[in-house]
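entry25.cif (mmCIF, N, CA and C atoms) appears below.
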```
data_my_file
#
loop_
_atom_site.label_atom_id
_atom_site.label_comp_id
_atom_site.auth_asym_id
_atom_site.auth_seq_id
_atom_site.Cartn_x
_atom_site.Cartn_y
_atom_site.Cartn_z
N MET A 4 162.58 92.33 62.22
CA MET A 4 161.25 92.11 61.73
C MET A 4 161.10 92.64 60.29
N ASN A 5 161.74 93.78 59.99
CA ASN A 5 161.67 94.34 58.64
C ASN A 5 162.37 93.44 57.63
N ALA A 6 163.47 92.82 58.02
CA ALA A 6 164.18 91.92 57.12
C ALA A 6 163.33 90.71 56.79
N ARG A 7 162.63 90.22 57.79
CA ARG A 7 161.76 89.05 57.58
C ARG A 7 160.62 89.41 56.63
N ARG A 8 160.00 90.54 56.81
CA ARG A 8 158.94 90.99 55.90
C ARG A 8 159.49 91.19 54.48
N PHE A 9 160.66 91.73 54.39
CA PHE A 9 161.28 91.94 53.07
C PHE A 9 161.46 90.62 52.34
N TRP A 10 161.98 89.59 53.02
CA TRP A 10 162.20 88.30 52.37
C TRP A 10 160.88 87.61 52.01
N ILE A 11 159.91 87.68 52.87
CA ILE A 11 158.60 87.11 52.56
C ILE A 11 158.00 87.82 51.34
N PHE A 12 158.05 89.14 51.35
CA PHE A 12 157.54 89.92 50.23
C PHE A 12 158.31 89.59 48.94
N SER A 13 159.62 89.44 49.04
CA SER A 13 160.45 89.11 47.87
C SER A 13 160.09 87.73 47.33
N ILE A 14 159.90 86.76 48.20
CA ILE A 14 159.54 85.41 47.77
C ILE A 14 158.17 85.42 47.09
N ILE A 15 157.22 86.14 47.65
CA ILE A 15 155.88 86.23 47.05
C ILE A 15 155.97 86.88 45.67
N ILE A 16 156.73 87.94 45.53
CA ILE A 16 156.91 88.61 44.24
C ILE A 16 157.53 87.66 43.23
N CYS A 17 158.55 86.90 43.65
CA CYS A 17 159.20 85.94 42.74
C CYS A 17 158.22 84.86 42.30
N LEU A 18 157.42 84.34 43.24
CA LEU A 18 156.43 83.33 42.88
C LEU A 18 155.38 83.88 41.92
N LEU A 19 154.93 85.09 42.14
CA LEU A 19 153.98 85.72 41.22
C LEU A 19 154.59 85.92 39.84
N PHE A 20 155.86 86.31 39.79
CA PHE A 20 156.54 86.50 38.51
C PHE A 20 156.68 85.17 37.78
N ILE A 21 157.05 84.12 38.51
CA ILE A 21 157.17 82.79 37.89
C ILE A 21 155.80 82.34 37.37
N GLY A 22 154.75 82.58 38.16
CA GLY A 22 153.40 82.23 37.70
C GLY A 22 153.00 83.00 36.46
N LEU A 23 153.36 84.26 36.40
CA LEU A 23 153.05 85.09 35.23
C LEU A 23 153.77 84.57 33.99
N VAL A 24 155.03 84.22 34.13
CA VAL A 24 155.81 83.70 33.00
C VAL A 24 155.21 82.37 32.54
N TYR A 25 154.86 81.52 33.49
CA TYR A 25 154.25 80.22 33.15
C TYR A 25 152.95 80.42 32.38
N GLN A 26 152.08 81.29 32.88
CA GLN A 26 150.80 81.53 32.21
C GLN A 26 151.00 82.13 30.82
N THR A 27 151.97 82.99 30.68
CA THR A 27 152.24 83.61 29.38
C THR A 27 152.69 82.58 28.36
N THR A 28 153.60 81.70 28.77
CA THR A 28 154.06 80.66 27.83
C THR A 28 152.94 79.69 27.50
N ARG A 29 152.11 79.37 28.49
CA ARG A 29 150.97 78.48 28.24
C ARG A 29 149.99 79.13 27.27
N TYR A 30 149.74 80.41 27.46
CA TYR A 30 148.84 81.14 26.57
C TYR A 30 149.39 81.16 25.14
N ALA A 31 150.69 81.40 25.00
CA ALA A 31 151.29 81.44 23.67
C ALA A 31 151.19 80.08 22.99
N ALA A 32 151.41 79.00 23.75
CA ALA A 32 151.29 77.66 23.17
C ALA A 32 149.86 77.37 22.75
N LEU A 33 148.90 77.75 23.56
CA LEU A 33 147.50 77.53 23.22
C LEU A 33 147.08 78.35 22.01
N ARG A 34 147.58 79.58 21.93
CA ARG A 34 147.26 80.43 20.78
C ARG A 34 147.80 79.81 19.50
N THR A 35 149.01 79.27 19.56
CA THR A 35 149.59 78.60 18.39
C THR A 35 148.76 77.39 18.00
N GLU A 36 148.35 76.62 18.98
CA GLU A 36 147.54 75.43 18.70
C GLU A 36 146.20 75.81 18.09
N VAL A 37 145.59 76.88 18.58
CA VAL A 37 144.31 77.35 18.03
C VAL A 37 144.48 77.77 16.58
N ARG A 38 145.55 78.47 16.29
CA ARG A 38 145.80 78.89 14.89
C ARG A 38 145.98 77.68 13.98
N GLU A 39 146.70 76.66 14.45
CA GLU A 39 146.87 75.45 13.65
C GLU A 39 145.54 74.75 13.42
N LEU A 40 144.71 74.69 14.46
CA LEU A 40 143.40 74.07 14.31
C LEU A 40 142.50 74.86 13.37
N GLU A 41 142.59 76.19 13.41
CA GLU A 41 141.81 77.01 12.48
C GLU A 41 142.26 76.78 11.05
N ARG A 42 143.59 76.65 10.84
CA ARG A 42 144.08 76.34 9.49
C ARG A 42 143.58 74.98 9.03
N SER A 43 143.61 73.99 9.93
CA SER A 43 143.10 72.66 9.59
C SER A 43 141.62 72.71 9.25
N GLU A 44 140.87 73.50 10.03
CA GLU A 44 139.45 73.64 9.76
C GLU A 44 139.21 74.24 8.38
N MET A 45 139.97 75.27 8.04
CA MET A 45 139.82 75.89 6.72
C MET A 45 140.16 74.89 5.61
N ASP A 46 141.22 74.12 5.81
CA ASP A 46 141.59 73.11 4.82
C ASP A 46 140.48 72.07 4.67
N LEU A 47 139.92 71.62 5.78
CA LEU A 47 138.85 70.63 5.72
C LEU A 47 137.60 71.20 5.06
N LEU A 48 137.28 72.45 5.35
CA LEU A 48 136.13 73.07 4.69
C LEU A 48 136.34 73.18 3.19
N LYS A 49 137.58 73.50 2.79
CA LYS A 49 137.90 73.59 1.36
C LYS A 49 137.75 72.23 0.70
N VAL A 50 138.27 71.19 1.35
CA VAL A 50 138.14 69.83 0.81
C VAL A 50 136.68 69.43 0.73
N GLY A 51 135.89 69.80 1.76
CA GLY A 51 134.47 69.48 1.76
C GLY A 51 133.74 70.15 0.61
N ARG A 52 134.06 71.41 0.35
CA ARG A 52 133.44 72.11 -0.79
C ARG A 52 133.83 71.45 -2.11
N GLU A 53 135.10 71.05 -2.22
CA GLU A 53 135.54 70.36 -3.45
C GLU A 53 134.80 69.04 -3.62
N LEU A 54 134.63 68.30 -2.53
CA LEU A 54 133.91 67.03 -2.60
C LEU A 54 132.45 67.25 -2.96
N ASP A 55 131.82 68.28 -2.40
CA ASP A 55 130.44 68.60 -2.76
C ASP A 55 130.32 68.93 -4.24
N ALA A 56 131.29 69.68 -4.75
CA ALA A 56 131.28 70.03 -6.18
C ALA A 56 131.46 68.78 -7.03
N ASN A 57 132.35 67.88 -6.61
CA ASN A 57 132.54 66.64 -7.36
C ASN A 57 131.30 65.77 -7.32
N ILE A 58 130.62 65.71 -6.17
CA ILE A 58 129.39 64.93 -6.07
C ILE A 58 128.33 65.51 -7.01
N ALA A 59 128.20 66.82 -7.01
CA ALA A 59 127.22 67.47 -7.89
C ALA A 59 127.56 67.20 -9.35
N LYS A 60 128.84 67.23 -9.66
CA LYS A 60 129.28 66.97 -11.04
C LYS A 60 128.97 65.53 -11.43
N LEU A 61 129.25 64.59 -10.51
CA LEU A 61 129.01 63.19 -10.83
C LEU A 61 127.53 62.83 -10.84
N ALA A 62 126.71 63.59 -10.15
CA ALA A 62 125.28 63.33 -10.14
C ALA A 62 124.58 63.88 -11.38
N ASN A 63 125.26 64.68 -12.17
CA ASN A 63 124.70 65.27 -13.37
C ASN A 63 124.51 64.18 -14.42
N LEU A 64 123.27 63.97 -14.83
CA LEU A 64 122.96 62.88 -15.77
C LEU A 64 123.64 63.08 -17.13
N GLU A 65 123.74 64.31 -17.58
CA GLU A 65 124.41 64.56 -18.85
C GLU A 65 125.87 64.17 -18.78
N HIS A 66 126.50 64.48 -17.67
CA HIS A 66 127.91 64.11 -17.48
C HIS A 66 128.06 62.59 -17.47
N ILE A 67 127.13 61.90 -16.80
CA ILE A 67 127.18 60.44 -16.75
C ILE A 67 127.00 59.86 -18.15
N GLU A 68 126.07 60.42 -18.90
CA GLU A 68 125.82 59.92 -20.26
C GLU A 68 127.04 60.14 -21.16
N ARG A 69 127.66 61.33 -21.07
CA ARG A 69 128.86 61.58 -21.88
C ARG A 69 129.98 60.61 -21.52
N ALA A 70 130.16 60.37 -20.22
CA ALA A 70 131.21 59.45 -19.78
C ALA A 70 130.92 58.03 -20.27
N ALA A 71 129.67 57.63 -20.22
CA ALA A 71 129.30 56.29 -20.69
C ALA A 71 129.55 56.16 -22.19
N ILE A 72 129.21 57.16 -22.95
CA ILE A 72 129.44 57.13 -24.40
C ILE A 72 130.93 57.09 -24.69
N GLN A 73 131.73 57.83 -23.95
CA GLN A 73 133.19 57.80 -24.14
C GLN A 73 133.76 56.42 -23.84
N LYS A 74 133.14 55.70 -22.92
CA LYS A 74 133.60 54.35 -22.57
C LYS A 74 133.08 53.29 -23.53
N GLY A 75 132.30 53.71 -24.53
CA GLY A 75 131.83 52.77 -25.54
C GLY A 75 130.45 52.18 -25.24
N MET A 76 129.76 52.71 -24.29
CA MET A 76 128.43 52.20 -23.97
C MET A 76 127.40 52.86 -24.89
N LYS A 77 126.29 52.15 -25.11
CA LYS A 77 125.23 52.67 -25.97
C LYS A 77 123.95 52.76 -25.16
N VAL A 78 123.07 53.64 -25.59
CA VAL A 78 121.76 53.76 -24.95
C VAL A 78 120.94 52.54 -25.37
N ALA A 79 120.31 51.89 -24.40
CA ALA A 79 119.53 50.70 -24.69
C ALA A 79 118.25 51.05 -25.44
N ALA A 80 117.92 50.23 -26.41
CA ALA A 80 116.67 50.40 -27.14
C ALA A 80 115.52 49.98 -26.23
N PRO A 81 114.32 50.48 -26.50
CA PRO A 81 113.19 50.13 -25.63
C PRO A 81 112.96 48.62 -25.50
N GLU A 82 113.20 47.87 -26.57
CA GLU A 82 112.97 46.42 -26.48
C GLU A 82 114.07 45.72 -25.67
N GLN A 83 115.18 46.39 -25.40
CA GLN A 83 116.26 45.82 -24.61
C GLN A 83 116.12 46.11 -23.11
N ARG A 84 115.20 46.96 -22.78
CA ARG A 84 115.03 47.35 -21.39
C ARG A 84 114.13 46.37 -20.65
N ILE A 85 114.45 46.11 -19.40
CA ILE A 85 113.65 45.24 -18.54
C ILE A 85 113.23 46.06 -17.33
N ILE A 86 111.94 46.05 -17.07
CA ILE A 86 111.42 46.78 -15.93
C ILE A 86 110.98 45.75 -14.89
N VAL A 87 111.54 45.86 -13.70
CA VAL A 87 111.23 44.93 -12.63
C VAL A 87 110.34 45.64 -11.63
N THR A 88 109.20 45.01 -11.34
CA THR A 88 108.30 45.57 -10.34
C THR A 88 108.01 44.51 -9.30
N GLU A 89 107.60 44.96 -8.15
CA GLU A 89 107.29 44.05 -7.05
C GLU A 89 105.78 43.96 -6.93
N THR A 90 105.26 42.74 -6.89
CA THR A 90 103.81 42.57 -6.80
C THR A 90 103.36 42.65 -5.35
N GLN A 91 102.05 42.81 -5.16
CA GLN A 91 101.49 42.89 -3.82
C GLN A 91 101.68 41.59 -3.06
N GLU A 92 101.62 40.43 -3.77
CA GLU A 92 101.80 39.13 -3.13
C GLU A 92 103.22 38.99 -2.58
N GLN A 93 104.21 39.46 -3.33
CA GLN A 93 105.60 39.39 -2.87
C GLN A 93 105.80 40.27 -1.65
N LYS A 94 105.20 41.44 -1.64
CA LYS A 94 105.32 42.34 -0.49
C LYS A 94 104.70 41.71 0.74
N ALA A 95 103.52 41.10 0.58
CA ALA A 95 102.82 40.49 1.71
C ALA A 95 103.63 39.31 2.26
N SER A 96 104.23 38.50 1.38
CA SER A 96 104.99 37.35 1.86
C SER A 96 106.28 37.83 2.56
N GLU A 97 106.87 38.90 2.10
CA GLU A 97 108.06 39.43 2.77
C GLU A 97 107.72 39.96 4.15
N VAL A 98 106.57 40.62 4.26
CA VAL A 98 106.15 41.14 5.57
C VAL A 98 105.88 39.99 6.54
N SER A 99 105.22 38.94 6.06
CA SER A 99 104.92 37.82 6.96
C SER A 99 106.18 37.05 7.31
N ASN A 100 107.14 36.94 6.38
CA ASN A 100 108.40 36.28 6.68
C ASN A 100 109.21 37.07 7.70
N ASN A 101 109.19 38.37 7.61
CA ASN A 101 109.92 39.21 8.58
C ASN A 101 109.29 39.09 9.96
N GLY A 102 107.96 38.91 10.04
CA GLY A 102 107.30 38.79 11.32
C GLY A 102 107.61 37.47 12.00
N LYS A 103 107.88 36.41 11.22
CA LYS A 103 108.18 35.08 11.78
C LYS A 103 109.60 35.00 12.34
N GLN A 104 110.47 35.82 11.87
CA GLN A 104 111.87 35.75 12.31
C GLN A 104 112.01 36.29 13.63
#
```

In structure tokens, what does this structure look like?
Amino acid sequence: MNARRFWIFSIIICLLFIGLVYQTTRYAALRTEVRELERSEMDLLKVGRELDANIAKLANLEHIERAAIQKGMKVAAPEQRIIVTETQEQKASEVSNNGKQ
């Protein structure tokens, strides 16, 4: 009876040890994956900040004007400018046309 208990106890200990090794390797793999994802997140945040800075730079009117002048463009004189406005009649006809569709 003691030999039988010994073997059962030994098998249980071996199974627990195998389970512990399996969990440890799984944990190490997950930890590595988390670190890689954190690095990717940092890289993406850095790229996002750079893109935000570029958008802010490109939205700067002075920067746009300097770039246009470098490309050979000139500021339009007041008589060369055309201002387009929408009349109330055009708005009303667009609303009624949208309702018919």

*asked:* Could you tell me how far CA of Leu40 (chain A) sits from CA of Gly22 (chain A), in Å to one decimal place?
replied: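 The value is 26.7 Å.
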
Taking all atoms of region 4-9 of chain A that the file lists, what box with edges along x, y and z, padded by 6 Å per side, do you get, with centre and edge lengths in Å to one decimal, as lines of an AutoDock Vina configuration file?
```
center_x = 161.6
center_y = 91.7
center_z = 57.3
size_x = 17.2
size_y = 17.3
size_z = 21.9
```

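Coordinates place CA of Leu61 (chain A) at a distance of 24.1 Å from CA of Ala80 (chain A).
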
*Write out as a PyMOL selection string all residues of chain A that backbone DSSP assigns to helix (DSSP H, G or I).*
chain A and resi 5-62+64-73+81-83+91-103

*Could you check how far CA of Ala62 (chain A) sits from atom C of Pro81 (chain A), in Å to one decimal?*
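CA of Ala62 (chain A) sits 24.6 Å away from atom C of Pro81 (chain A).
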